[in-house]
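**Student:** Sharing a structure with you now.
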Amino acid sequence: MTAQTEREVKSAAAEPAIRADKVDFKMVTFSLAGKEYGVDIMSVKEIAKAARFTYVPNASTFVRGVYNLRGEIISVIDLRIFFHLPAVRKEEEALESLIILKIDEHVFGVIVDAIDKVVGIVSGSIQPPHPIFGDINVKYIKGIVENGGKLYIILDVEKIFAPEKPEESRSGALEARKAEALPGSMEPSAITGGDVSASFVSETLAAFRGFHVTNVNAAWFQKRFAEWKSERKGVDLQLREESDADHFLEGFWSPGTGALWDDVHAAEFEKALPPIEVKSINVWNPGCGKGYETWAFACIMRKRYPDARIKIWANDSDLLAISMAPNMVFPESIPDYYKPFTAKGRNGLVFVQAIRDSIFFEFHDVMNTNTLPPLDLILCRDMLSFVAPIDQKRLLGDFIDKLKPNGILLCGANESPGEGWIAAATGAISAFRKEQ
Amino acid sequence: MRVEYINPFVEAAFNVLREVLQSDVKRGELYLKSTSMPVMGVAAIVGLAGDVEGRVLFDMDKPTALKIASVMNQEDLKDFDDLAKATITELANMITAQAITKLHDLGFRFDLTPPAIFTGENMEVSNADVEALIVPMETGHGKIEINVAIRERG
């Protein structure tokens with residue numbers, strides 16, 4: 001065992017500015033990727049330096065391994081990887097700074113860049129987290145505090161490490177979701193502006209085609225409804241049958257929906273993709289349907305990032321639609337953009353192995369959990385509008401969790417993810433970054 | 001679950017069941033599930049390793065298991081004894097192995113673990129964070145549900 005417990009942490013008394021009697025919150029401070037953080041000292045058992053963690057196969061990437069702390073086996077988590085921050089991988093033998101946390105009965109070790117000191121503060125001076133402290137998801141932050149000219153982000157370790165409560169499982173979550181009131185802005189009535197015919201149309205769209213009018217497509221809906229009114233000269237606005245609903249939705253679809261995108265659109269897409277430095281790019285394409293758009297996107301990615309290792313997870317919950325996707329054969333008449341990526345097969349053109357290897361088509365329902373790695377891009381066109389408003393919210397939350405800090409969400413032409421996202425669009429593609 | 005994995009399991013289950021039972025087998029509608037689910041009474045489980053990690057669970061009620069074991073042994077078994085258990089275990093093994101062979105031909109390398117069997121009343125499998133594909137099979141002797149959960153290794 002190579003642990004040498006390090007106890008030379010400077011004491012809180014080093015902060016003369018705060019009188020001891022007012023200090024009611026002490027925290028251990030440390031740094032991660034150049035920023036200062038703190039954790040409540042009550043959840044810190046000790047600090048240590050250690051190396052040579054025992055690797056655990058099949059564990060999540062942020063689990064460095066397990067470690068024998070004086071006979072107690074603890075799991076060691078690399079906080080930098082957990083928060084998708086840059087982590088310098090040290091030599092096998094080099095000591096890492098460890099904070100040993102005790103949450104309820106569980107003991108964990110977390111690896112940080114450097115441990116600083118113990119700081120005593122007045123709990124009243126803790127300010128609520130603000131989204132500008134970007135790198136880390138706000139839900140893991142307890143608050144921000146200023147001390148000795150430095151700004152510390154206090155992490156809520158209990159939230160980070162608390163074992164998933166049983167009620168968070170699907171059946172429980174369902175009940176919770178029912179009880180959870182939707183914020184006013186998501187309410188369809190806010191979008192339809194109290195117009196009875198507009199809310200009628202929005203209801204029938206949901207009933208006939210599963211299209212839900214929410215913030216995601218509010219702008220489009222309002223515009224389309226105004227058109228609809230003038231088209232129908234103000235009378236007979238209701239959608240009586242499915243064909244009416246289809247007619248209403250005609251202009252909603254993004255260009256190239258359900259097909260290989262044409263040359264113009266493919267080129268536009270290629271232009272809209274941001275430069276990505278990393279060697280391997282992870283893409284998620286929920287709701288890929290028959291897979292045409294995924295194939296198109298895979299080719300565009302290959303052309304845009306020729307040197308990167310590209311992995312696209314494409315999934316759909318419609319088994320019939322997706323089952324043909326992996327072995328698709330195309331006619332000779334496909335747009336020229338894709339020709340360099342195809343080879344002649346027995347019955348027509350097929351994509352080359354490099355493209356085929358980059359896509360995983362999966363039969364998966366996005367409402368169930370998945371094990372996707374941190375993502376660089378999410379391609380989710382005209383899909384959000386077709387899940388129930390509560391699930392929309394949940395899915396967008398999932399997107400925020402899974403995207404890397406600079407990740408991009410590519411939406412349908414008439415969709416926008418709303419709050420928490422900022423437009424990153426160039427040209428005709430609607431692309432969004434999460435708000436930092 | 002990757003689309004390529006689905007057919008080999010469905011086909012293997014269909015072929016093997018039809019062959020060993022010498023009767024018609026109907027496949028129900030496939031669907032996905034991620035909640036904990038009750039087990040009907042007899043559950044045989046085979047683990048998968050290799051390019052992926054996962055498991056295949058064969059779930060049926062006791063009368064069905066007994067009838068299937070009787071047909072496979074060509075004798076009328078009265079209780080769910082060791083012979084019956086071994087027979088159901090072997091059925092699970094046959095189906096999974098045939099599916100793995102088919103997948104191997106498609107270029108996917110899977111290994112499988114020896115099967116295990118669980119029996120009892122009111123059992124429940126709960127790994128809610130795993131999404132499973134359910135393949136319901138309607139045999140002349142009762143229903144078998146094949147529950148396949150596979151994920152790619154990260």
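Residue numbering restarts at 1 for every chain of the structure tokens, chains are lettered A, B, ... in their displayed order, and ligands are numbered from 1 as they appear.
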Pick out the residues sitting within 6 Å of Ala149 of chain B, and hand them over as a PDB file with C-alpha atoms, in the first residue's frame; count only C-alpha atoms, and ignore anything fewer than 2 positions along from it in its own chain.

**Tutor:**
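This went into out.pdb:
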ATOM      1  CA  GLY B  54     -25.615  -9.232 -21.659  1.00  0.00           C
ATOM      2  CA  ARG B  55     -27.880 -12.122 -20.913  1.00  0.00           C
ATOM      3  CA  ALA B 132     -34.478  -5.804 -22.834  1.00  0.00           C
TER       4      ALA B 132
END

**Student:** So which residues touch segment 77-83 of chain B within 12 Å, counting only C-alpha atoms, skipping near sequence neighbours fewer than 6 positions away, as a list of chain:residue names?

**Tutor:**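 Answer for this query is B:Gly41, B:Val42, B:Asp61, B:Lys62, B:Pro63, B:Thr64, B:Ala65, B:Leu66, B:Lys67, B:Ile68, B:Ala69, B:Ser70, B:Val71, B:Thr89, B:Glu90, B:Ile117, B:Phe118, B:Thr119, B:Gly120.
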
**Student:** Suppose we keep N, CA and C atoms; can you now write the selection as an mmCIF file, in the first residue's frame?

**Tutor:**
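The new file result.cif reads:
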data_model
loop_
_atom_site.group_PDB
_atom_site.id
_atom_site.type_symbol
_atom_site.label_atom_id
_atom_site.label_comp_id
_atom_site.auth_asym_id
_atom_site.auth_seq_id
_atom_site.Cartn_x
_atom_site.Cartn_y
_atom_site.Cartn_z
ATOM 1 N N GLY B 41 -42.302 -18.362 -13.300
ATOM 2 C CA GLY B 41 -42.179 -19.514 -12.408
ATOM 3 C C GLY B 41 -40.902 -20.296 -12.642
ATOM 4 N N VAL B 42 -40.509 -20.384 -13.912
ATOM 5 C CA VAL B 42 -39.268 -21.070 -14.252
ATOM 6 C C VAL B 42 -38.481 -20.141 -15.166
ATOM 7 N N ASP B 61 -44.127 -20.544 -17.347
ATOM 8 C CA ASP B 61 -44.693 -21.008 -16.085
ATOM 9 C C ASP B 61 -44.406 -22.496 -15.920
ATOM 10 N N LYS B 62 -44.638 -22.985 -14.721
ATOM 11 C CA LYS B 62 -44.221 -24.340 -14.387
ATOM 12 C C LYS B 62 -44.925 -25.404 -15.239
ATOM 13 N N PRO B 63 -46.251 -25.328 -15.403
ATOM 14 C CA PRO B 63 -46.912 -26.340 -16.239
ATOM 15 C C PRO B 63 -46.322 -26.383 -17.647
ATOM 16 N N THR B 64 -46.041 -25.201 -18.213
ATOM 17 C CA THR B 64 -45.440 -25.163 -19.548
ATOM 18 C C THR B 64 -44.087 -25.857 -19.537
ATOM 19 N N ALA B 65 -43.265 -25.521 -18.547
ATOM 20 C CA ALA B 65 -41.929 -26.104 -18.462
ATOM 21 C C ALA B 65 -42.027 -27.620 -18.353
ATOM 22 N N LEU B 66 -42.972 -28.074 -17.541
ATOM 23 C CA LEU B 66 -43.125 -29.514 -17.326
ATOM 24 C C LEU B 66 -43.554 -30.218 -18.612
ATOM 25 N N LYS B 67 -44.489 -29.581 -19.333
ATOM 26 C CA LYS B 67 -44.968 -30.183 -20.579
ATOM 27 C C LYS B 67 -43.854 -30.237 -21.617
ATOM 28 N N ILE B 68 -43.098 -29.149 -21.705
ATOM 29 C CA ILE B 68 -42.003 -29.111 -22.680
ATOM 30 C C ILE B 68 -40.956 -30.167 -22.331
ATOM 31 N N ALA B 69 -40.620 -30.246 -21.046
ATOM 32 C CA ALA B 69 -39.621 -31.235 -20.617
ATOM 33 C C ALA B 69 -40.124 -32.650 -20.910
ATOM 34 N N SER B 70 -41.437 -32.867 -20.717
ATOM 35 C CA SER B 70 -42.005 -34.194 -20.995
ATOM 36 C C SER B 70 -41.867 -34.544 -22.466
ATOM 37 N N VAL B 71 -42.217 -33.591 -23.323
ATOM 38 C CA VAL B 71 -42.126 -33.848 -24.761
ATOM 39 C C VAL B 71 -40.683 -34.123 -25.156
ATOM 40 N N THR B 89 -32.854 -26.317 -18.997
ATOM 41 C CA THR B 89 -31.547 -25.684 -19.098
ATOM 42 C C THR B 89 -30.938 -25.959 -20.469
ATOM 43 N N GLU B 90 -31.083 -27.188 -20.890
ATOM 44 C CA GLU B 90 -30.516 -27.574 -22.183
ATOM 45 C C GLU B 90 -31.230 -26.843 -23.327
ATOM 46 N N ILE B 117 -30.659 -22.181 -13.879
ATOM 47 C CA ILE B 117 -32.114 -22.188 -13.858
ATOM 48 C C ILE B 117 -32.634 -21.767 -12.486
ATOM 49 N N PHE B 118 -33.687 -20.982 -12.491
ATOM 50 C CA PHE B 118 -34.313 -20.528 -11.249
ATOM 51 C C PHE B 118 -35.758 -20.974 -11.272
ATOM 52 N N THR B 119 -36.234 -21.469 -10.142
ATOM 53 C CA THR B 119 -37.658 -21.796 -10.071
ATOM 54 C C THR B 119 -38.197 -21.263 -8.759
ATOM 55 N N GLY B 120 -39.464 -20.932 -8.736
ATOM 56 C CA GLY B 120 -40.073 -20.447 -7.509
ATOM 57 C C GLY B 120 -41.311 -19.638 -7.806
#

**Student:** Would you work out the distance separating atom CA of Ser430 of chain A from atom CA of Gly418 of chain A, expressed in Å to one decimal?

**Tutor:**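 Result for atom CA of Ser430 of chain A versus atom CA of Gly418 of chain A: 12.1 Å, one decimal.
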
**Student:** Could you pull the residues within 12 Å of Ile359 of chain A, counting only C-alpha atoms, minus those fewer than 6 positions along the same chain, as JSON, numbers by chain?

**Tutor:** {"A": [281, 282, 283, 284, 285, 288, 291, 292, 293, 294, 295, 296, 297, 298, 299, 301, 302, 309, 310, 311, 312, 313, 314, 315, 325, 326, 327, 351, 352, 353], "B": [2, 3, 4]}

**Student:** Take the residues from that selection and write them out as a tab-separated table (two decimals), in the first residue's frame, keeping C-alpha atoms.

**Tutor:**
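Once everything was written out, this is selection-v4.tsv:
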chain	number	residue	atom	x	y	z
A	281	ILE	CA	-16.35	11.59	-32.39
A	282	ASN	CA	-19.49	10.17	-30.79
A	283	VAL	CA	-22.85	10.89	-32.35
A	284	TRP	CA	-26.33	9.97	-31.19
A	285	ASN	CA	-29.18	9.86	-33.67
A	288	CYS	CA	-33.50	7.45	-37.03
A	291	GLY	CA	-32.00	5.05	-41.50
A	292	TYR	CA	-31.65	7.03	-44.75
A	293	GLU	CA	-30.75	10.23	-42.95
A	294	THR	CA	-28.26	8.39	-40.75
A	295	TRP	CA	-26.42	7.04	-43.79
A	296	ALA	CA	-26.37	10.53	-45.30
A	297	PHE	CA	-25.08	11.98	-42.06
A	298	ALA	CA	-22.38	9.31	-41.74
A	299	CYS	CA	-21.04	10.25	-45.18
A	301	MET	CA	-19.24	13.28	-41.12
A	302	ARG	CA	-16.64	11.17	-42.91
A	309	ARG	CA	-12.91	7.82	-35.62
A	310	ILE	CA	-16.65	8.28	-35.98
A	311	LYS	CA	-19.28	6.33	-34.09
A	312	ILE	CA	-22.95	6.93	-34.67
A	313	TRP	CA	-25.55	5.31	-32.44
A	314	ALA	CA	-28.79	5.44	-34.38
A	315	ASN	CA	-31.91	4.16	-32.72
A	325	ALA	CA	-31.50	-0.02	-42.00
A	326	PRO	CA	-28.18	-1.88	-41.54
A	327	ASN	CA	-28.31	-3.72	-44.85
A	351	PHE	CA	-21.95	1.92	-48.59
A	352	VAL	CA	-18.30	1.03	-48.06
A	353	GLN	CA	-17.18	-0.81	-44.93
B	2	ARG	CA	-28.28	-3.56	-32.27
B	3	VAL	CA	-30.72	-4.45	-35.00
B	4	GLU	CA	-28.38	-7.14	-36.33

**Student:** Which of these, B:Val56, B:Ala116, B:Leu103, B:Ala12, has the shortest distance to Lys85 of chain B once you count only C-alpha atoms?

**Tutor:**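 Looking only at the distances to Lys85 of chain B, the closest residue turns out to be B:Ala116.
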
**Student:** Could you write out, as a PyMOL selection string, all the residues of segment 86-148 of chain B that DSSP marks as strand (DSSP E)?

**Tutor:** chain B and resi 110-112+116-119+123-125+132-139+142-148

**Student:** With C-alpha atoms retained, could you export that selection as a PDB file, in the first residue's frame?

**Tutor:**
ATOM      1  CA  PHE B 110     -19.990 -13.733 -28.571  1.00  0.00           C
ATOM      2  CA  ASP B 111     -19.227 -16.215 -25.836  1.00  0.00           C
ATOM      3  CA  LEU B 112     -21.794 -17.720 -23.573  1.00  0.00           C
ATOM      4  CA  ALA B 116     -28.539 -21.551 -14.808  1.00  0.00           C
ATOM      5  CA  ILE B 117     -32.114 -22.188 -13.858  1.00  0.00           C
ATOM      6  CA  PHE B 118     -34.313 -20.528 -11.249  1.00  0.00           C
ATOM      7  CA  THR B 119     -37.658 -21.796 -10.071  1.00  0.00           C
ATOM      8  CA  MET B 123     -40.116 -14.070  -8.504  1.00  0.00           C
ATOM      9  CA  GLU B 124     -39.153 -10.822 -10.126  1.00  0.00           C
ATOM     10  CA  VAL B 125     -36.151  -9.845 -12.223  1.00  0.00           C
ATOM     11  CA  ALA B 132     -34.478  -5.804 -22.834  1.00  0.00           C
ATOM     12  CA  LEU B 133     -35.993  -7.130 -26.025  1.00  0.00           C
ATOM     13  CA  ILE B 134     -38.906  -9.425 -25.372  1.00  0.00           C
ATOM     14  CA  VAL B 135     -39.628 -12.210 -27.855  1.00  0.00           C
ATOM     15  CA  PRO B 136     -42.875 -13.949 -26.933  1.00  0.00           C
ATOM     16  CA  MET B 137     -43.210 -17.471 -28.308  1.00  0.00           C
ATOM     17  CA  GLU B 138     -46.543 -19.253 -28.290  1.00  0.00           C
ATOM     18  CA  THR B 139     -46.042 -23.025 -28.297  1.00  0.00           C
ATOM     19  CA  GLY B 142     -47.873 -22.675 -23.303  1.00  0.00           C
ATOM     20  CA  LYS B 143     -46.054 -19.385 -23.628  1.00  0.00           C
ATOM     21  CA  ILE B 144     -42.290 -18.866 -23.424  1.00  0.00           C
ATOM     22  CA  GLU B 145     -40.925 -15.347 -23.169  1.00  0.00           C
ATOM     23  CA  ILE B 146     -37.374 -14.813 -24.305  1.00  0.00           C
ATOM     24  CA  ASN B 147     -35.878 -11.743 -22.749  1.00  0.00           C
ATOM     25  CA  VAL B 148     -32.641 -10.571 -24.378  1.00  0.00           C
TER      26      VAL B 148
END

**Student:** As a PDB file with N, CA and C atoms, in the first residue's frame, could you give me every residue of chain B near chain A (at most 12 Å apart, counting only C-alpha atoms)?

**Tutor:**
ATOM      1  N   MET B   1     -30.404  -2.088 -28.335  1.00  0.00           N
ATOM      2  CA  MET B   1     -29.824  -3.324 -28.834  1.00  0.00           C
ATOM      3  C   MET B   1     -29.681  -3.261 -30.343  1.00  0.00           C
ATOM      4  N   ARG B   2     -28.528  -3.684 -30.831  1.00  0.00           N
ATOM      5  CA  ARG B   2     -28.282  -3.559 -32.270  1.00  0.00           C
ATOM      6  C   ARG B   2     -29.269  -4.397 -33.071  1.00  0.00           C
ATOM      7  N   VAL B   3     -29.716  -3.817 -34.163  1.00  0.00           N
ATOM      8  CA  VAL B   3     -30.717  -4.454 -35.001  1.00  0.00           C
ATOM      9  C   VAL B   3     -30.229  -5.814 -35.501  1.00  0.00           C
ATOM     10  N   GLU B   4     -28.937  -5.906 -35.790  1.00  0.00           N
ATOM     11  CA  GLU B   4     -28.384  -7.145 -36.328  1.00  0.00           C
ATOM     12  C   GLU B   4     -28.546  -8.321 -35.376  1.00  0.00           C
ATOM     13  N   TYR B   5     -28.623  -8.040 -34.059  1.00  0.00           N
ATOM     14  CA  TYR B   5     -28.691  -9.128 -33.089  1.00  0.00           C
ATOM     15  C   TYR B   5     -30.082  -9.751 -33.010  1.00  0.00           C
ATOM     16  N   ILE B   6     -31.089  -8.997 -33.426  1.00  0.00           N
ATOM     17  CA  ILE B   6     -32.459  -9.424 -33.138  1.00  0.00           C
ATOM     18  C   ILE B   6     -32.839 -10.701 -33.875  1.00  0.00           C
ATOM     19  N   ASN B   7     -32.642 -10.695 -35.191  1.00  0.00           N
ATOM     20  CA  ASN B   7     -33.097 -11.820 -35.995  1.00  0.00           C
ATOM     21  C   ASN B   7     -32.502 -13.165 -35.597  1.00  0.00           C
ATOM     22  N   GLU B  29     -45.568 -10.436 -31.021  1.00  0.00           N
ATOM     23  CA  GLU B  29     -44.997  -9.140 -31.380  1.00  0.00           C
ATOM     24  C   GLU B  29     -43.782  -8.836 -30.471  1.00  0.00           C
ATOM     25  N   LEU B  30     -42.670  -8.423 -31.083  1.00  0.00           N
ATOM     26  CA  LEU B  30     -41.489  -8.081 -30.281  1.00  0.00           C
ATOM     27  C   LEU B  30     -41.687  -6.709 -29.647  1.00  0.00           C
ATOM     28  N   TYR B  31     -41.170  -6.529 -28.460  1.00  0.00           N
ATOM     29  CA  TYR B  31     -41.206  -5.199 -27.861  1.00  0.00           C
ATOM     30  C   TYR B  31     -40.047  -4.996 -26.885  1.00  0.00           C
ATOM     31  N   LEU B  32     -39.894  -3.755 -26.440  1.00  0.00           N
ATOM     32  CA  LEU B  32     -38.805  -3.402 -25.525  1.00  0.00           C
ATOM     33  C   LEU B  32     -39.368  -3.143 -24.142  1.00  0.00           C
ATOM     34  N   LYS B  33     -38.557  -3.431 -23.149  1.00  0.00           N
ATOM     35  CA  LYS B  33     -39.029  -3.258 -21.792  1.00  0.00           C
ATOM     36  C   LYS B  33     -37.847  -2.876 -20.925  1.00  0.00           C
ATOM     37  N   SER B  34     -38.062  -1.976 -19.975  1.00  0.00           N
ATOM     38  CA  SER B  34     -36.930  -1.709 -19.084  1.00  0.00           C
ATOM     39  C   SER B  34     -37.346  -1.668 -17.623  1.00  0.00           C
ATOM     40  N   THR B  35     -38.563  -2.068 -17.339  1.00  0.00           N
ATOM     41  CA  THR B  35     -38.964  -2.116 -15.932  1.00  0.00           C
ATOM     42  C   THR B  35     -38.627  -3.481 -15.367  1.00  0.00           C
ATOM     43  N   SER B  36     -38.748  -3.598 -14.066  1.00  0.00           N
ATOM     44  CA  SER B  36     -38.565  -4.916 -13.484  1.00  0.00           C
ATOM     45  C   SER B  36     -39.784  -5.735 -13.895  1.00  0.00           C
ATOM     46  N   MET B  37     -39.588  -7.024 -14.059  1.00  0.00           N
ATOM     47  CA  MET B  37     -40.712  -7.802 -14.551  1.00  0.00           C
ATOM     48  C   MET B  37     -40.865  -9.088 -13.767  1.00  0.00           C
ATOM     49  N   ALA B  49     -20.899 -12.862 -23.282  1.00  0.00           N
ATOM     50  CA  ALA B  49     -19.691 -12.064 -23.127  1.00  0.00           C
ATOM     51  C   ALA B  49     -19.008 -12.000 -24.478  1.00  0.00           C
ATOM     52  N   GLY B  50     -17.894 -11.328 -24.548  1.00  0.00           N
ATOM     53  CA  GLY B  50     -17.201 -11.207 -25.827  1.00  0.00           C
ATOM     54  C   GLY B  50     -17.250  -9.771 -26.286  1.00  0.00           C
ATOM     55  N   ASP B  51     -17.691  -9.547 -27.539  1.00  0.00           N
ATOM     56  CA  ASP B  51     -17.799  -8.183 -28.051  1.00  0.00           C
ATOM     57  C   ASP B  51     -18.825  -7.382 -27.259  1.00  0.00           C
ATOM     58  N   VAL B  52     -19.717  -8.098 -26.592  1.00  0.00           N
ATOM     59  CA  VAL B  52     -20.827  -7.449 -25.901  1.00  0.00           C
ATOM     60  C   VAL B  52     -20.898  -7.971 -24.475  1.00  0.00           C
ATOM     61  N   GLU B  53     -21.817  -7.404 -23.702  1.00  0.00           N
ATOM     62  CA  GLU B  53     -22.153  -8.031 -22.432  1.00  0.00           C
ATOM     63  C   GLU B  53     -23.663  -8.092 -22.343  1.00  0.00           C
ATOM     64  N   GLY B  54     -24.170  -9.122 -21.731  1.00  0.00           N
ATOM     65  CA  GLY B  54     -25.615  -9.232 -21.659  1.00  0.00           C
ATOM     66  C   GLY B  54     -26.052 -10.600 -21.191  1.00  0.00           C
ATOM     67  N   LEU B 106     -22.222 -13.734 -38.966  1.00  0.00           N
ATOM     68  CA  LEU B 106     -22.346 -12.337 -39.375  1.00  0.00           C
ATOM     69  C   LEU B 106     -21.148 -11.503 -38.928  1.00  0.00           C
ATOM     70  N   GLY B 107     -20.226 -12.138 -38.224  1.00  0.00           N
ATOM     71  CA  GLY B 107     -19.018 -11.420 -37.833  1.00  0.00           C
ATOM     72  C   GLY B 107     -19.024 -10.882 -36.409  1.00  0.00           C
ATOM     73  N   SER B 126     -35.238  -7.725 -11.530  1.00  0.00           N
ATOM     74  CA  SER B 126     -35.208  -6.286 -11.692  1.00  0.00           C
ATOM     75  C   SER B 126     -33.806  -5.799 -11.939  1.00  0.00           C
ATOM     76  N   ASN B 127     -33.551  -5.519 -13.211  1.00  0.00           N
ATOM     77  CA  ASN B 127     -32.437  -4.634 -13.501  1.00  0.00           C
ATOM     78  C   ASN B 127     -33.010  -3.544 -14.389  1.00  0.00           C
ATOM     79  N   ALA B 128     -33.607  -2.566 -13.731  1.00  0.00           N
ATOM     80  CA  ALA B 128     -34.400  -1.554 -14.411  1.00  0.00           C
ATOM     81  C   ALA B 128     -33.562  -0.696 -15.350  1.00  0.00           C
ATOM     82  N   ASP B 129     -32.248  -0.690 -15.157  1.00  0.00           N
ATOM     83  CA  ASP B 129     -31.453   0.179 -16.019  1.00  0.00           C
ATOM     84  C   ASP B 129     -30.991  -0.544 -17.279  1.00  0.00           C
ATOM     85  N   VAL B 130     -31.530  -1.736 -17.509  1.00  0.00           N
ATOM     86  CA  VAL B 130     -31.183  -2.448 -18.735  1.00  0.00           C
ATOM     87  C   VAL B 130     -32.432  -2.554 -19.592  1.00  0.00           C
ATOM     88  N   GLU B 131     -32.278  -2.228 -20.846  1.00  0.00           N
ATOM     89  CA  GLU B 131     -33.413  -2.344 -21.745  1.00  0.00           C
ATOM     90  C   GLU B 131     -33.363  -3.733 -22.374  1.00  0.00           C
ATOM     91  N   ALA B 132     -34.469  -4.446 -22.308  1.00  0.00           N
ATOM     92  CA  ALA B 132     -34.478  -5.804 -22.834  1.00  0.00           C
ATOM     93  C   ALA B 132     -35.464  -5.934 -23.990  1.00  0.00           C
ATOM     94  N   LEU B 133     -35.095  -6.802 -24.925  1.00  0.00           N
ATOM     95  CA  LEU B 133     -35.993  -7.130 -26.025  1.00  0.00           C
ATOM     96  C   LEU B 133     -36.780  -8.366 -25.614  1.00  0.00           C
ATOM     97  N   ILE B 134     -38.085  -8.287 -25.742  1.00  0.00           N
ATOM     98  CA  ILE B 134     -38.906  -9.425 -25.372  1.00  0.00           C
ATOM     99  C   ILE B 134     -39.413 -10.108 -26.642  1.00  0.00           C
ATOM    100  N   VAL B 148     -34.040 -10.731 -23.978  1.00  0.00           N
ATOM    101  CA  VAL B 148     -32.641 -10.571 -24.378  1.00  0.00           C
ATOM    102  C   VAL B 148     -32.166  -9.163 -24.049  1.00  0.00           C
ATOM    103  N   ALA B 149     -31.143  -9.054 -23.258  1.00  0.00           N
ATOM    104  CA  ALA B 149     -30.558  -7.736 -22.975  1.00  0.00           C
ATOM    105  C   ALA B 149     -29.085  -7.794 -23.338  1.00  0.00           C
ATOM    106  N   ILE B 150     -28.690  -6.964 -24.307  1.00  0.00           N
ATOM    107  CA  ILE B 150     -27.294  -6.966 -24.755  1.00  0.00           C
ATOM    108  C   ILE B 150     -26.844  -5.530 -24.889  1.00  0.00           C
ATOM    109  N   ARG B 151     -25.686  -5.235 -24.415  1.00  0.00           N
ATOM    110  CA  ARG B 151     -25.138  -3.917 -24.730  1.00  0.00           C
ATOM    111  C   ARG B 151     -23.700  -4.053 -25.197  1.00  0.00           C
ATOM    112  N   GLU B 152     -23.292  -3.061 -26.015  1.00  0.00           N
ATOM    113  CA  GLU B 152     -21.932  -3.046 -26.530  1.00  0.00           C
ATOM    114  C   GLU B 152     -20.994  -2.745 -25.373  1.00  0.00           C
ATOM    115  N   ARG B 153     -19.818  -3.303 -25.448  1.00  0.00           N
ATOM    116  CA  ARG B 153     -18.842  -2.947 -24.416  1.00  0.00           C
ATOM    117  C   ARG B 153     -18.191  -1.634 -24.770  1.00  0.00           C
ATOM    118  N   GLY B 154     -18.110  -0.776 -23.747  1.00  0.00           N
ATOM    119  CA  GLY B 154     -17.588   0.588 -23.972  1.00  0.00           C
ATOM    120  C   GLY B 154     -16.105   0.597 -24.227  1.00  0.00           C
TER     121      GLY B 154
END

**Student:** Rounded to one decimal place, report the atom CA of Val110 of chain A-atom CA of Asp40 of chain A distance in Å.

**Tutor:** 14.0 Å

**Student:** Skipping near chain neighbours, those fewer than 2 positions away, what residues fall within 6 Å of Phe53 of chain A using only C-alpha atoms, listed as a ChimeraX atom specification?

**Tutor:** /A:51,65-67

**Student:** Those residues you just picked out, can you put them in a file as a PDB file, in the first residue's frame with C-alpha atoms?

**Tutor:**
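Written out: again.pdb:
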ATOM      1  CA  ALA A  51      -1.368   5.426  -6.843  1.00  0.00           C
ATOM      2  CA  GLY A  65     -10.488   1.413 -10.036  1.00  0.00           C
ATOM      3  CA  VAL A  66     -10.579   0.218  -6.482  1.00  0.00           C
ATOM      4  CA  TYR A  67      -8.102   0.935  -3.747  1.00  0.00           C
TER       5      TYR A  67
END

**Student:** Rounded to one decimal, what separation in Å do you get between atom CA of Ala272 of chain A and atom CA of Ala354 of chain A?

**Tutor:**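 Atom CA of Ala354 of chain A lies at a distance of 22.7 Å from atom CA of Ala272 of chain A.
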
**Student:** Report the residues of chain B whose backbone DSSP state falls under helix (DSSP H, G or I), written as a ChimeraX atom specification.

**Tutor:** /B:3-21,62-73,82-105

**Student:** Set the distance at 10 Å and use only C-alpha atoms: which residues neighbour Pro8 of chain B once local chain neighbours fewer than 6 positions away are removed? I'd like the list as a list of chain:residue names.

**Tutor:**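 With the cut-off at 10 Å, the set is B:Phe14, B:Ile95, B:Thr96, B:Gln98, B:Ala99, B:Ile100, B:Thr101, B:Lys102, B:Leu103, B:His104, B:Leu106.
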
**Student:** Set the distance at 9 Å and use only C-alpha atoms: which residues neighbour Phe399 of chain A once local chain neighbours fewer than 6 positions away are removed? I'd like the list as a list in words.

**Tutor:**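 Once the adjacent positions are removed, what remains is Leu375, Ile378 and Leu409 of chain A.
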